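What follows is a short report on a single structure.
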Amino acid sequence: MSRSAHPAGPRHADVLPEGHYSAPPADLNTLDGKVWAQTVTRNADGVLTVGGVDVVSLAEQHGTPAYILDEADFRGRARAWRTAFGNDADVFYAGKAFLSRAVVRWLHEEGLNLDVCSGGELTTALSAGMPADRIAFHGNNKSTEEIRRAVESGVGRIVLDSFQEIVRVAHIAQSLGKRQRVQIRITVGVEAHTHEFIATAHEDQKFGIPLADGQAAEAVRRALQLDGLELIGIHSHIGSQIFDMSGFEVAAHRVVGLLKVIRDEHGVELPEIDLGGGLGIAYTSDDDPREPHEIAKALTEIVTRECEAARLSTPRISVEPGRAIVGPTAFTLYQVGTVKPLDGLRTYVSVDGGMSDNIRTALYDAEYSVALVSRASDAEPMLARVVGKHCESGDIVVKDAFLPSDLAPGDLIAVPATGAYCRSMASNYNHVLRPPVVVVHEGESRVVVRRETEEDLLRLDVG
Ligand code: LLP
């Protein structure tokens with residue numbers, strides 16, 4: 001007989017309300033390797049361990065909520081991307097997914113390059129020793145100050161995003177007596193199968209220069225005329241959390257089409273093409289992401305085939321995975337504060353964080369998994385909604401998931417696959433403090449981004 005904390009709570013499949021979930025899993029204690037960091041397992045007491053450290057000790061030592069990041073997994077994924085693309089291609093990790101100095105050092109050691117999109121990310125990268133020539137600088141509205149710092153520090157490439165920026169970067173480079181290597185970001189008109197806010201290659205949005213109406217060709221024309229610029233290639237990023245490779249296929253076809261137009265008009269074969277990031281990861285057991293070697297093979301074949309058809313020599317390819325490297329390597333560890341069963345609906349489980357440490361559910365209707373991790377339980381599954389402590393009813397971390405019905409205040413639960421776009425998009429809403437990032441590796445844990453303190457908040461409040 002299971003210990004039920006609240007027998008009135010909705011638990012059985014025949015009383016489940018409408019929602020976005022499959023049937024409860026046969027065993028809630030099983031951790032699906034698809035969504036959890038690689039070294040995650042349960043010890044003999046049923047406590048989740050990662051990197052050889054159990055979550056009860058992690059909570060005692062570092063508090064909750066906390067992002068727990070598996071270093072071996074991060075390095076393994078970074079290396080897998082690097083190896084998959086080999087020496088004829090470049091892998092730029094997209095720092096916006098999550099950036100810290102420890103991450104920059106790992107990337108450097110594993111032979112990856114880095115994509116940054118603000119002065120802050122550039123400073124972090126340089127301060128951790130990433131060589132400037134392995135950095136790409138992105139953004140649709142880089143300030144002149146950011147451009148100056150990027151050019152001065154010698155970044156390997158700046159990705160130009162507008163006609164104004166072509167002139168701005170050329171000017172700044174020239175005034176510094178430099179010739180800046182640049183790519184032009186174009187929008188290829190692809191509808192990526194993902195949430196509207198993270199699709200970036202359809203024409204009606206702020207990024208890039210449209211291929212349509214010959215605008216991209218005109219941008220190339222202008223860039224080639226400016227002494228301060230060395231145009232090395234064309235860039236396309238079609239969106240994020242994408243599983244279907246057909247969008248990349250269309251994008252590659254159109255980018256190569258532009259390379260051909262450039263060759264025919266200017267007699268120049270641009271040496272590089274960047275296909276951006278965007279590869280999806282598993283947030284729930286229903287997601288089936290591709291392995292880096294499959295992606296590398298597919299992208300390389302597409303580009304090679306398109307170039308052969310256009311009688312162009314195959315350019316050097318670069319890719320910019322963010323989520324696919326860091327996403328699965330971390331989970332968020334929370335402590336349960338309250339458990340509130342609503343008859344005929346679901347049980348609301350409140351944790352000590354929320355939309356300030358994971359805005360993705362509220363912003364994109366993102367789906368997540370969750371598990372009780374401080375112990376195993378054989379209680380019946382109950383349909384739960386994991387919510388935060390913020391003053392909003394939309395403050396939802398996991399919309400619909402099954403947790404054991406004996407869940408009680410004080411239990412630790414964890415939400416996997418929060419390595420990407422959670423800490424990097426965290427806020428101080430309600431003056432809630434941003435959680436630390438704790439790295440686990442070979443039986444040790446260490447803080448790489450510390451928890452915010454109330455003093456931090458007051459330090460910024462100078463009124
Ligand atoms: N390259 C460029 C030019 C990008 O804009 C992005 C992401 C990436 C690479 C990396 O994409 P990834 O491989 O991580 O999908 N906050 C949203 C995602 C926004 C992505 C922005 N650009 C989310 O939480 O889903």
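Chain labels run A, B, ... following the order of the structure tokens; each chain numbers its residues from 1, and ligands are numbered from 1 in the order shown.
Once Leu312 of chain A and its same-chain neighbours fewer than 5 positions away are set aside, Val256, Leu259, Lys260, Arg263, Glu269, Glu306 and Cys307 of chain A remain within 9 Å of it when counting only C-alpha atoms.
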As a VMD selection string, please: all residues of segment 88-118 of chain A that backbone DSSP puts in alpha helix (DSSP H). chain A and resid 101 to 109
Spatial neighbours of Leu433 of chain A, max dist 8 Å, only C-alpha atoms, sep filter under 3 positions, as a ChimeraX atom specification: /A:428,451-454
Determine, for each residue of chain A having at least one atom at most 6 Å from an atom of ligand 1, the closest pair of atoms and their separation in Å to one decimal, counting only C-alpha atoms and all ligand atoms; order by chain and ascending number, as CSV.
```
residue,atom,partner,partner_atom_place_in_ligand_line,distance
A:Ala94,CA,ligand 1,10 (C),5.0
A:Ala97,CA,ligand 1,14 (O),5.5
A:Ile198,CA,ligand 1,19 (C),5.3
A:His237,CA,ligand 1,3 (C),5.4
A:Ser240,CA,ligand 1,15 (O),3.7
A:Gln241,CA,ligand 1,15 (O),5.3
A:Gly276,CA,ligand 1,1 (N),4.5
A:Gly277,CA,ligand 1,13 (O),3.8
A:Gly278,CA,ligand 1,15 (O),3.2
A:Leu279,CA,ligand 1,13 (O),5.3
A:Glu320,CA,ligand 1,9 (C),4.6
A:Pro321,CA,ligand 1,13 (O),3.7
A:Gly322,CA,ligand 1,14 (O),3.5
A:Arg323,CA,ligand 1,14 (O),3.7
A:Ala324,CA,ligand 1,13 (O),5.8
A:Arg360,CA,ligand 1,24 (O),5.6
A:Tyr421,CA,ligand 1,24 (O),4.6
```
Near-segment 147-157 of chain A list (10 Å; only C-alpha atoms; drop same-chain fewer than 3 positions) as a PyMOL selection string: chain A and resi 113-115+118-119+122-123+126+131-138+141-144+160+165+168-169+171-183+230-233
Can those selected residues be exported to a file as a PDB file, in the first residue's frame so that it contains C-alpha atoms?
```
ATOM      1  CA  ASN A 113      35.275  28.051 -30.881  1.00  0.00           C
ATOM      2  CA  LEU A 114      32.800  30.446 -29.298  1.00  0.00           C
ATOM      3  CA  ASP A 115      29.914  32.556 -30.554  1.00  0.00           C
ATOM      4  CA  SER A 118      27.191  41.017 -26.477  1.00  0.00           C
ATOM      5  CA  GLY A 119      30.023  42.908 -24.852  1.00  0.00           C
ATOM      6  CA  LEU A 122      32.890  38.869 -25.122  1.00  0.00           C
ATOM      7  CA  THR A 123      34.409  39.977 -21.812  1.00  0.00           C
ATOM      8  CA  LEU A 126      38.350  36.816 -23.222  1.00  0.00           C
ATOM      9  CA  PRO A 131      41.795  33.260 -28.070  1.00  0.00           C
ATOM     10  CA  ALA A 132      40.056  36.179 -29.807  1.00  0.00           C
ATOM     11  CA  ASP A 133      40.509  34.680 -33.245  1.00  0.00           C
ATOM     12  CA  ARG A 134      38.307  31.762 -32.171  1.00  0.00           C
ATOM     13  CA  ILE A 135      35.430  34.073 -31.273  1.00  0.00           C
ATOM     14  CA  ALA A 136      32.541  35.064 -33.558  1.00  0.00           C
ATOM     15  CA  PHE A 137      30.611  38.207 -32.645  1.00  0.00           C
ATOM     16  CA  HIS A 138      26.867  38.184 -33.359  1.00  0.00           C
ATOM     17  CA  ASN A 141      22.194  45.731 -32.969  1.00  0.00           C
ATOM     18  CA  LYS A 142      25.766  45.714 -31.731  1.00  0.00           C
ATOM     19  CA  SER A 143      26.731  49.057 -30.259  1.00  0.00           C
ATOM     20  CA  THR A 144      29.653  50.970 -31.738  1.00  0.00           C
ATOM     21  CA  LEU A 160      26.932  41.499 -40.015  1.00  0.00           C
ATOM     22  CA  GLU A 165      26.242  47.576 -39.639  1.00  0.00           C
ATOM     23  CA  ARG A 168      29.670  50.783 -39.154  1.00  0.00           C
ATOM     24  CA  VAL A 169      32.040  47.828 -38.848  1.00  0.00           C
ATOM     25  CA  HIS A 171      34.402  52.376 -40.526  1.00  0.00           C
ATOM     26  CA  ILE A 172      35.542  51.234 -37.118  1.00  0.00           C
ATOM     27  CA  ALA A 173      37.952  48.654 -38.541  1.00  0.00           C
ATOM     28  CA  GLN A 174      39.433  51.233 -40.880  1.00  0.00           C
ATOM     29  CA  SER A 175      39.825  53.798 -38.114  1.00  0.00           C
ATOM     30  CA  LEU A 176      41.758  51.178 -36.150  1.00  0.00           C
ATOM     31  CA  GLY A 177      43.883  50.375 -39.183  1.00  0.00           C
ATOM     32  CA  LYS A 178      42.424  46.873 -39.438  1.00  0.00           C
ATOM     33  CA  ARG A 179      40.625  44.715 -41.949  1.00  0.00           C
ATOM     34  CA  GLN A 180      37.916  42.790 -40.087  1.00  0.00           C
ATOM     35  CA  ARG A 181      36.890  39.302 -41.181  1.00  0.00           C
ATOM     36  CA  VAL A 182      33.091  39.284 -41.513  1.00  0.00           C
ATOM     37  CA  GLN A 183      30.182  37.130 -42.554  1.00  0.00           C
ATOM     38  CA  GLU A 230      37.213  40.973 -45.497  1.00  0.00           C
ATOM     39  CA  LEU A 231      34.062  39.088 -46.440  1.00  0.00           C
ATOM     40  CA  ILE A 232      34.682  35.426 -45.632  1.00  0.00           C
ATOM     41  CA  GLY A 233      31.229  33.929 -45.901  1.00  0.00           C
TER      42      GLY A 233
END
```
Run DSSP on the backbone and tell me which residues of segment 116-351 of chain A come out as strand (DSSP E or B); list them as number ranges by chain. A: 116, 135-137, 157-160, 180-187, 199, 209-210, 229-235, 239, 242, 272-274, 279, 316-319, 330-341, 347-351
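Picture a line from atom CA of Thr314 of chain A to atom CA of Glu272 of chain A; it runs 8.5 Å.
Going from atom CA of Pro341 of chain A over to atom CA of Val47 of chain A, you cover 25.0 Å.
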